[in-house]
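The next block holds one structure in the form of structure tokens; read it before the comments.
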Amino acid sequence: GHGHFIDSKRLSGPMDTGFLFDQWITRGKALNIDAVMSSPVLVKIATSDVTDGTTRIFDNRELTGAEFVSAVRASTSVPLFSNNREVIQGREYNDGFLAASVPIEPAVEDGCTHMVVLPTSLPETRDSLGLMERVYSFFRLRDYPKAFRDAFARRAEFYNATIERLYGDGYGRPTMIIAPRDPENVPRNSETNPDVLVAAAEASLRRIERVFGAEHGSTKLYFAPEGLQAFPSAGRPPS
């Protein structure tokens with residue numbers, strides 16, 4: 001909800017992912033990169049190759065700690081709103097949302113046996129590129145290679161095909177879908193109101209509790225103590 005992270009008046013890039021990482025992810029409840037890199041759990045990050053728009057999945061086995069952070073930064077760098085491109089092993093990457101916004105097929109190809117999917121949209125939601133978004137994307141992506149722009153133009157097609165199959169015949173293995181059902185708790189992608197965002201996150205926790213049989217209210221959102229934050233947290237108490 002901080003005004004600098006998303007600023008619609010900043011024409012150079014409304015979303016500052018560098019600010020997100022430098023001021024938040026490295027402070028407060030900071031990402032313990034050493035623990036991630038040494039974890040027995042394989043952690044995979046979806047990105048898009050800026051050169052050709054193809055999906056590239058990185059993991060914590062093949063990268064150094066610094067490269068893994070770059071992969072996470074790339075995955076959060078939405079090209080419509082951010083100018084950030086991360087260089088990893090000599091190539092540029094940004095957000096994997098072109099063809100892997102819901103990266104089920106890469107998981108299936110990787111041999112997963114069970115899936116837990118947490119969509120952020122209502123089950124009936126389908127993506128589309130409206131006229132304004134087409135015009136906006138034309139200007140925002142004009143410096144990208146044609147292959148990337150072509151992949152971007154098909155992103156709604158990729159997303160909708162994945163969602164149709166997910167809620168349709170499925171992917172041939174046991175799948176748990178924990179999706180929002182209340183439109184009131186589905187914020188817009190550009191939402192910056194802390195109350196709206198926190199309400200949506202709280203609703204998500206309650207759904208997860210219900211699905212896994214946990215006591216209602218037994219899980220809580222984390223708010224970093226004020227001394228560890230880069231700035232005050234909109235009046236919310238630490239917990």
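Each chain in the structure tokens gets a letter, A, B and so on, in the order shown; residues start at 1 in every chain, and ligands are counted from 1 in the order they appear.
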
Requested in this report: Would you kindly return, as a PyMOL selection string, each protein, DNA or RNA residue with an atom no farther than 10 Å from any atom of A:Pro106, considering only C-alpha atoms and excluding same-chain residues fewer than 3 positions away?
Outcome: chain A and resi 46+55-57+100+102-103+109-112

Got time to write the residues from that selection, C-alpha atoms, as a compact mmCIF listing (two decimals), in the first residue's frame?
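Printed below is out_16.txt as written:
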# COMPACT_ATOMS: atom_id res chain seq x y z
CA ALA A 46 8.82 -19.01 -13.50
CA THR A 55 9.09 -19.57 -20.33
CA ARG A 56 12.20 -20.29 -18.31
CA ILE A 57 11.92 -22.11 -14.99
CA ALA A 100 3.16 -19.42 -17.13
CA VAL A 102 -0.49 -20.42 -13.68
CA PRO A 103 2.49 -22.75 -14.29
CA GLU A 109 6.04 -32.00 -17.42
CA ASP A 110 8.37 -32.12 -14.41
CA GLY A 111 6.61 -35.26 -13.15
CA CYS A 112 4.57 -33.92 -10.21

Please provide the set of residues having any atom within 9 Å of A:Pro180, restricted to only C-alpha atoms, with same-chain residues fewer than 5 positions apart removed, written as an MDAnalysis selection string. chainID A and resid 118:123 185:186 203:204 207

message = Can you tell me which residues surround A:Arg134 at a distance of at most 12 Å, considering only C-alpha atoms, apart from same-chain residues fewer than 5 positions away, and format the answer as a PyMOL selection string?
response = chain A and resi 80+128-129+139-142+149+152-154+156

Just N, CA and C atoms for this one: save the residues we selected as an mmCIF file, in the first residue's frame.
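This went into result_36.cif:
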data_model
loop_
_atom_site.group_PDB
_atom_site.id
_atom_site.type_symbol
_atom_site.label_atom_id
_atom_site.label_comp_id
_atom_site.auth_asym_id
_atom_site.auth_seq_id
_atom_site.Cartn_x
_atom_site.Cartn_y
_atom_site.Cartn_z
ATOM 1 N N LEU A 80 4.362 -4.684 -18.219
ATOM 2 C CA LEU A 80 3.463 -3.563 -18.456
ATOM 3 C C LEU A 80 3.640 -2.449 -17.433
ATOM 4 N N SER A 128 -8.642 -11.247 -20.812
ATOM 5 C CA SER A 128 -8.843 -10.686 -22.145
ATOM 6 C C SER A 128 -8.047 -9.391 -22.241
ATOM 7 N N LEU A 129 -7.669 -9.038 -23.446
ATOM 8 C CA LEU A 129 -6.943 -7.796 -23.685
ATOM 9 C C LEU A 129 -7.903 -6.775 -24.275
ATOM 10 N N PHE A 139 2.749 0.781 -26.462
ATOM 11 C CA PHE A 139 3.751 1.776 -26.102
ATOM 12 C C PHE A 139 4.737 1.248 -25.082
ATOM 13 N N ARG A 140 4.254 0.474 -24.103
ATOM 14 C CA ARG A 140 5.144 -0.025 -23.059
ATOM 15 C C ARG A 140 6.132 -1.056 -23.591
ATOM 16 N N LEU A 141 5.737 -1.841 -24.579
ATOM 17 C CA LEU A 141 6.567 -2.949 -25.043
ATOM 18 C C LEU A 141 7.248 -2.670 -26.375
ATOM 19 N N ARG A 142 7.209 -1.440 -26.851
ATOM 20 C CA ARG A 142 7.722 -1.163 -28.187
ATOM 21 C C ARG A 142 9.227 -1.407 -28.297
ATOM 22 N N ARG A 149 6.854 -9.593 -27.837
ATOM 23 C CA ARG A 149 5.573 -8.909 -28.002
ATOM 24 C C ARG A 149 4.501 -9.861 -28.523
ATOM 25 N N PHE A 152 3.432 -11.953 -25.619
ATOM 26 C CA PHE A 152 2.577 -11.162 -24.737
ATOM 27 C C PHE A 152 1.157 -11.081 -25.283
ATOM 28 N N ALA A 153 1.019 -10.896 -26.589
ATOM 29 C CA ALA A 153 -0.307 -10.785 -27.200
ATOM 30 C C ALA A 153 -1.121 -12.059 -27.018
ATOM 31 N N ARG A 154 -0.456 -13.176 -26.769
ATOM 32 C CA ARG A 154 -1.144 -14.465 -26.609
ATOM 33 C C ARG A 154 -1.313 -14.862 -25.148
ATOM 34 N N ALA A 156 -3.346 -14.011 -22.772
ATOM 35 C CA ALA A 156 -4.711 -14.343 -22.358
ATOM 36 C C ALA A 156 -5.102 -15.715 -22.864
#

request  = From stretch 30-121 of chain A, collect each residue whose DSSP state is helix (DSSP H, G or I) and return the set as a ChimeraX atom specification.
outcome  = /A:33-38,65-75,97-100,104-109

Exercise. Skipping near chain neighbours, those fewer than 4 positions away, what residues fall within 12 Å of A:Asn189 using only C-alpha atoms, listed as a PyMOL selection string?
Worked result: chain A and resi 6+15+78+80-81+120-121+193+196-197

* Could you give me, as a PyMOL selection string, the residues within 12 Å of A:Ala71, counting only C-alpha atoms and dropping anything in the same chain fewer than 4 positions from it? => chain A and resi 43-49+56-60+62-67+75-77+84-89+91-96

Any chance you can output those residues with N, CA, C and O atoms as a CSV table (one decimal), in the first residue's frame?
chain,number,residue,atom,x,y,z
A,43,VAL,N,12.7,-25.4,-5.0
A,43,VAL,CA,11.9,-24.2,-5.2
A,43,VAL,C,12.1,-23.7,-6.6
A,43,VAL,O,13.2,-23.5,-7.1
A,44,LYS,N,11.0,-23.6,-7.4
A,44,LYS,CA,11.1,-23.2,-8.8
A,44,LYS,C,10.4,-21.9,-9.0
A,44,LYS,O,9.4,-21.5,-8.4
A,45,ILE,N,11.0,-21.1,-9.9
A,45,ILE,CA,10.6,-19.7,-10.2
A,45,ILE,C,10.4,-19.6,-11.7
A,45,ILE,O,11.3,-19.9,-12.5
A,46,ALA,N,9.2,-19.2,-12.1
A,46,ALA,CA,8.8,-19.0,-13.5
A,46,ALA,C,9.2,-17.6,-14.0
A,46,ALA,O,8.8,-16.6,-13.3
A,47,THR,N,9.9,-17.5,-15.1
A,47,THR,CA,10.2,-16.2,-15.7
A,47,THR,C,10.0,-16.3,-17.2
A,47,THR,O,9.7,-17.4,-17.8
A,48,SER,N,10.1,-15.2,-17.9
A,48,SER,CA,10.1,-15.1,-19.3
A,48,SER,C,11.4,-14.6,-19.9
A,48,SER,O,11.9,-13.6,-19.4
A,49,ASP,N,11.9,-15.3,-20.9
A,49,ASP,CA,13.1,-14.8,-21.6
A,49,ASP,C,12.7,-13.6,-22.5
A,49,ASP,O,11.8,-13.6,-23.3
A,56,ARG,N,11.0,-19.7,-18.9
A,56,ARG,CA,12.2,-20.3,-18.3
A,56,ARG,C,12.0,-20.5,-16.8
A,56,ARG,O,11.7,-19.6,-16.1
A,57,ILE,N,12.1,-21.8,-16.4
A,57,ILE,CA,11.9,-22.1,-15.0
A,57,ILE,C,13.3,-22.3,-14.3
A,57,ILE,O,14.1,-23.1,-14.8
A,58,PHE,N,13.6,-21.5,-13.3
A,58,PHE,CA,14.8,-21.6,-12.6
A,58,PHE,C,14.5,-22.3,-11.2
A,58,PHE,O,13.4,-22.3,-10.8
A,59,ASP,N,15.5,-22.9,-10.6
A,59,ASP,CA,15.3,-23.5,-9.3
A,59,ASP,C,16.6,-23.3,-8.4
A,59,ASP,O,17.6,-22.8,-8.9
A,60,ASN,N,16.4,-23.6,-7.2
A,60,ASN,CA,17.4,-23.3,-6.2
A,60,ASN,C,18.6,-24.3,-6.2
A,60,ASN,O,19.4,-24.2,-5.3
A,62,GLU,N,20.2,-25.0,-9.3
A,62,GLU,CA,21.1,-24.6,-10.5
A,62,GLU,C,21.7,-23.2,-10.3
A,62,GLU,O,22.5,-22.9,-11.1
A,63,LEU,N,21.2,-22.4,-9.4
A,63,LEU,CA,21.6,-21.0,-9.3
A,63,LEU,C,22.4,-20.8,-8.0
A,63,LEU,O,22.3,-21.5,-7.0
A,64,THR,N,23.2,-19.7,-8.1
A,64,THR,CA,23.8,-19.2,-6.8
A,64,THR,C,22.7,-18.4,-6.1
A,64,THR,O,21.6,-18.1,-6.6
A,65,GLY,N,23.0,-18.0,-4.8
A,65,GLY,CA,22.1,-17.3,-4.1
A,65,GLY,C,21.7,-16.0,-4.7
A,65,GLY,O,20.5,-15.6,-4.8
A,66,ALA,N,22.7,-15.2,-5.3
A,66,ALA,CA,22.5,-14.0,-5.9
A,66,ALA,C,21.6,-14.2,-7.2
A,66,ALA,O,20.7,-13.4,-7.5
A,67,GLU,N,21.9,-15.2,-7.9
A,67,GLU,CA,21.1,-15.5,-9.1
A,67,GLU,C,19.7,-15.9,-8.8
A,67,GLU,O,18.7,-15.5,-9.5
A,75,SER,N,10.7,-12.6,-11.8
A,75,SER,CA,9.3,-13.1,-11.7
A,75,SER,C,8.3,-12.1,-11.2
A,75,SER,O,7.1,-12.2,-11.5
A,76,THR,N,8.7,-11.1,-10.5
A,76,THR,CA,7.8,-10.0,-10.0
A,76,THR,C,7.8,-8.8,-10.9
A,76,THR,O,7.1,-7.9,-10.7
A,77,SER,N,8.6,-8.8,-12.0
A,77,SER,CA,8.7,-7.7,-12.9
A,77,SER,C,7.7,-7.7,-14.0
A,77,SER,O,8.1,-8.2,-15.1
A,84,ASN,N,12.0,-3.3,-15.2
A,84,ASN,CA,13.1,-4.1,-14.7
A,84,ASN,C,13.3,-5.4,-15.6
A,84,ASN,O,12.3,-6.0,-16.0
A,85,ARG,N,14.5,-5.6,-15.9
A,85,ARG,CA,14.9,-6.9,-16.6
A,85,ARG,C,16.1,-7.4,-15.9
A,85,ARG,O,17.1,-6.7,-15.7
A,86,GLU,N,16.1,-8.6,-15.4
A,86,GLU,CA,17.2,-9.2,-14.7
A,86,GLU,C,18.0,-10.1,-15.6
A,86,GLU,O,17.5,-10.9,-16.4
A,87,VAL,N,19.3,-9.9,-15.5
A,87,VAL,CA,20.3,-10.7,-16.3
A,87,VAL,C,20.7,-11.9,-15.5
A,87,VAL,O,21.3,-11.7,-14.4
A,88,ILE,N,20.4,-13.1,-16.0
A,88,ILE,CA,20.8,-14.3,-15.3
A,88,ILE,C,21.5,-15.2,-16.3
A,88,ILE,O,21.0,-15.5,-17.4
A,89,GLN,N,22.8,-15.5,-16.0
A,89,GLN,CA,23.6,-16.3,-16.9
A,89,GLN,C,23.6,-15.8,-18.3
A,89,GLN,O,23.5,-16.5,-19.3
A,91,ARG,N,21.5,-13.8,-20.0
A,91,ARG,CA,20.3,-13.5,-20.7
A,91,ARG,C,19.3,-12.7,-19.8
A,91,ARG,O,19.4,-12.8,-18.6
A,92,GLU,N,18.5,-11.9,-20.4
A,92,GLU,CA,17.5,-11.0,-19.7
A,92,GLU,C,16.2,-11.7,-19.5
A,92,GLU,O,15.7,-12.4,-20.4
A,93,TYR,N,15.6,-11.6,-18.3
A,93,TYR,CA,14.4,-12.2,-17.9
A,93,TYR,C,13.5,-11.2,-17.2
A,93,TYR,O,14.0,-10.3,-16.5
A,94,ASN,N,12.2,-11.4,-17.3
A,94,ASN,CA,11.2,-10.7,-16.5
A,94,ASN,C,10.0,-11.7,-16.2
A,94,ASN,O,10.2,-12.9,-16.2
A,95,ASP,N,8.9,-11.1,-15.9
A,95,ASP,CA,7.8,-11.9,-15.4
A,95,ASP,C,7.4,-13.1,-16.2
A,95,ASP,O,7.2,-13.0,-17.4
A,96,GLY,N,7.1,-14.3,-15.6
A,96,GLY,CA,6.7,-15.5,-16.3
A,96,GLY,C,5.2,-15.5,-16.7
A,96,GLY,O,4.7,-16.5,-17.1

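Running DSSP on the backbone gives strand (DSSP E) for these residues within stretch 82-235 of chain A: Glu86, Val87, Ile88, Arg91, Glu92, Tyr93, Asn94, Asp95, Met115, Val116, Val117, Thr175, Met176 and Ile177 of chain A.
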
Residues of the last selection are to be written out with all heavy atoms, as a compact mmCIF listing (two decimals), in the first residue's frame.
# COMPACT_ATOMS: atom_id res chain seq x y z
N GLU A 86 16.07 -8.65 -15.43
CA GLU A 86 17.15 -9.25 -14.67
C GLU A 86 18.04 -10.08 -15.60
O GLU A 86 17.54 -10.89 -16.39
CB GLU A 86 16.60 -10.14 -13.56
CG GLU A 86 15.91 -9.37 -12.45
CD GLU A 86 16.87 -8.57 -11.60
OE1 GLU A 86 17.99 -9.06 -11.31
OE2 GLU A 86 16.52 -7.44 -11.22
N VAL A 87 19.35 -9.89 -15.49
CA VAL A 87 20.30 -10.66 -16.28
C VAL A 87 20.74 -11.87 -15.45
O VAL A 87 21.30 -11.72 -14.37
CB VAL A 87 21.52 -9.82 -16.67
CG1 VAL A 87 22.53 -10.68 -17.44
CG2 VAL A 87 21.08 -8.62 -17.51
N ILE A 88 20.43 -13.05 -15.98
CA ILE A 88 20.81 -14.30 -15.31
C ILE A 88 21.54 -15.17 -16.32
O ILE A 88 20.98 -15.51 -17.38
CB ILE A 88 19.57 -15.06 -14.78
CG1 ILE A 88 18.74 -14.14 -13.86
CG2 ILE A 88 19.98 -16.32 -14.03
CD1 ILE A 88 17.41 -14.72 -13.45
N ARG A 91 21.50 -13.79 -19.98
CA ARG A 91 20.27 -13.48 -20.70
C ARG A 91 19.33 -12.67 -19.81
O ARG A 91 19.41 -12.76 -18.58
CB ARG A 91 19.56 -14.76 -21.18
CG ARG A 91 20.35 -15.53 -22.21
CD ARG A 91 19.61 -16.76 -22.69
NE ARG A 91 18.46 -16.45 -23.52
CZ ARG A 91 18.51 -16.30 -24.84
NH1 ARG A 91 19.66 -16.40 -25.48
NH2 ARG A 91 17.42 -16.02 -25.54
N GLU A 92 18.45 -11.89 -20.44
CA GLU A 92 17.52 -11.04 -19.70
C GLU A 92 16.19 -11.75 -19.49
O GLU A 92 15.66 -12.39 -20.41
CB GLU A 92 17.28 -9.72 -20.44
CG GLU A 92 18.47 -8.80 -20.47
CD GLU A 92 18.13 -7.46 -21.11
OE1 GLU A 92 17.20 -7.42 -21.95
OE2 GLU A 92 18.77 -6.45 -20.75
N TYR A 93 15.64 -11.59 -18.27
CA TYR A 93 14.36 -12.22 -17.94
C TYR A 93 13.47 -11.23 -17.19
O TYR A 93 13.95 -10.31 -16.51
CB TYR A 93 14.58 -13.45 -17.05
CG TYR A 93 15.38 -14.54 -17.71
CD1 TYR A 93 16.77 -14.59 -17.57
CD2 TYR A 93 14.77 -15.51 -18.50
CE1 TYR A 93 17.52 -15.57 -18.18
CE2 TYR A 93 15.52 -16.51 -19.12
CZ TYR A 93 16.89 -16.53 -18.95
OH TYR A 93 17.63 -17.50 -19.57
N ASN A 94 12.16 -11.43 -17.32
CA ASN A 94 11.20 -10.74 -16.46
C ASN A 94 10.04 -11.68 -16.19
O ASN A 94 10.19 -12.90 -16.25
CB ASN A 94 10.78 -9.38 -17.02
CG ASN A 94 10.12 -9.46 -18.38
OD1 ASN A 94 9.70 -10.53 -18.83
ND2 ASN A 94 10.02 -8.33 -19.06
N ASP A 95 8.88 -11.15 -15.90
CA ASP A 95 7.75 -11.91 -15.36
C ASP A 95 7.35 -13.11 -16.22
O ASP A 95 7.25 -13.01 -17.45
CB ASP A 95 6.55 -10.97 -15.22
CG ASP A 95 5.44 -11.57 -14.39
OD1 ASP A 95 5.64 -12.67 -13.85
OD2 ASP A 95 4.40 -10.92 -14.26
N MET A 115 -1.10 -31.89 -7.01
CA MET A 115 -1.01 -30.45 -7.18
C MET A 115 -1.94 -29.72 -6.22
O MET A 115 -3.07 -30.15 -6.01
CB MET A 115 -1.37 -30.05 -8.62
CG MET A 115 -0.41 -30.59 -9.66
SD MET A 115 -0.63 -29.82 -11.29
CE MET A 115 -2.29 -30.37 -11.70
N VAL A 116 -1.44 -28.62 -5.66
CA VAL A 116 -2.25 -27.67 -4.89
C VAL A 116 -2.16 -26.35 -5.63
O VAL A 116 -1.06 -25.81 -5.82
CB VAL A 116 -1.75 -27.51 -3.45
CG1 VAL A 116 -2.60 -26.48 -2.71
CG2 VAL A 116 -1.77 -28.85 -2.72
N VAL A 117 -3.29 -25.84 -6.09
CA VAL A 117 -3.32 -24.62 -6.89
C VAL A 117 -4.07 -23.54 -6.11
O VAL A 117 -5.19 -23.78 -5.65
CB VAL A 117 -4.01 -24.86 -8.25
CG1 VAL A 117 -3.90 -23.63 -9.13
CG2 VAL A 117 -3.41 -26.08 -8.95
N THR A 175 -5.70 -33.09 -7.68
CA THR A 175 -5.49 -31.65 -7.64
C THR A 175 -6.43 -30.99 -6.62
O THR A 175 -7.63 -31.26 -6.63
CB THR A 175 -5.75 -31.02 -9.02
OG1 THR A 175 -4.89 -31.63 -9.99
CG2 THR A 175 -5.49 -29.52 -9.01
N MET A 176 -5.87 -30.17 -5.76
CA MET A 176 -6.66 -29.38 -4.82
C MET A 176 -6.61 -27.93 -5.26
O MET A 176 -5.53 -27.36 -5.43
CB MET A 176 -6.11 -29.51 -3.40
CG MET A 176 -6.84 -28.63 -2.37
SD MET A 176 -6.04 -28.69 -0.74
CE MET A 176 -6.39 -30.38 -0.27
N ILE A 177 -7.77 -27.31 -5.50
CA ILE A 177 -7.85 -25.92 -5.91
C ILE A 177 -8.45 -25.11 -4.77
O ILE A 177 -9.57 -25.36 -4.35
CB ILE A 177 -8.72 -25.76 -7.18
CG1 ILE A 177 -8.23 -26.68 -8.30
CG2 ILE A 177 -8.71 -24.31 -7.65
CD1 ILE A 177 -9.16 -26.72 -9.50
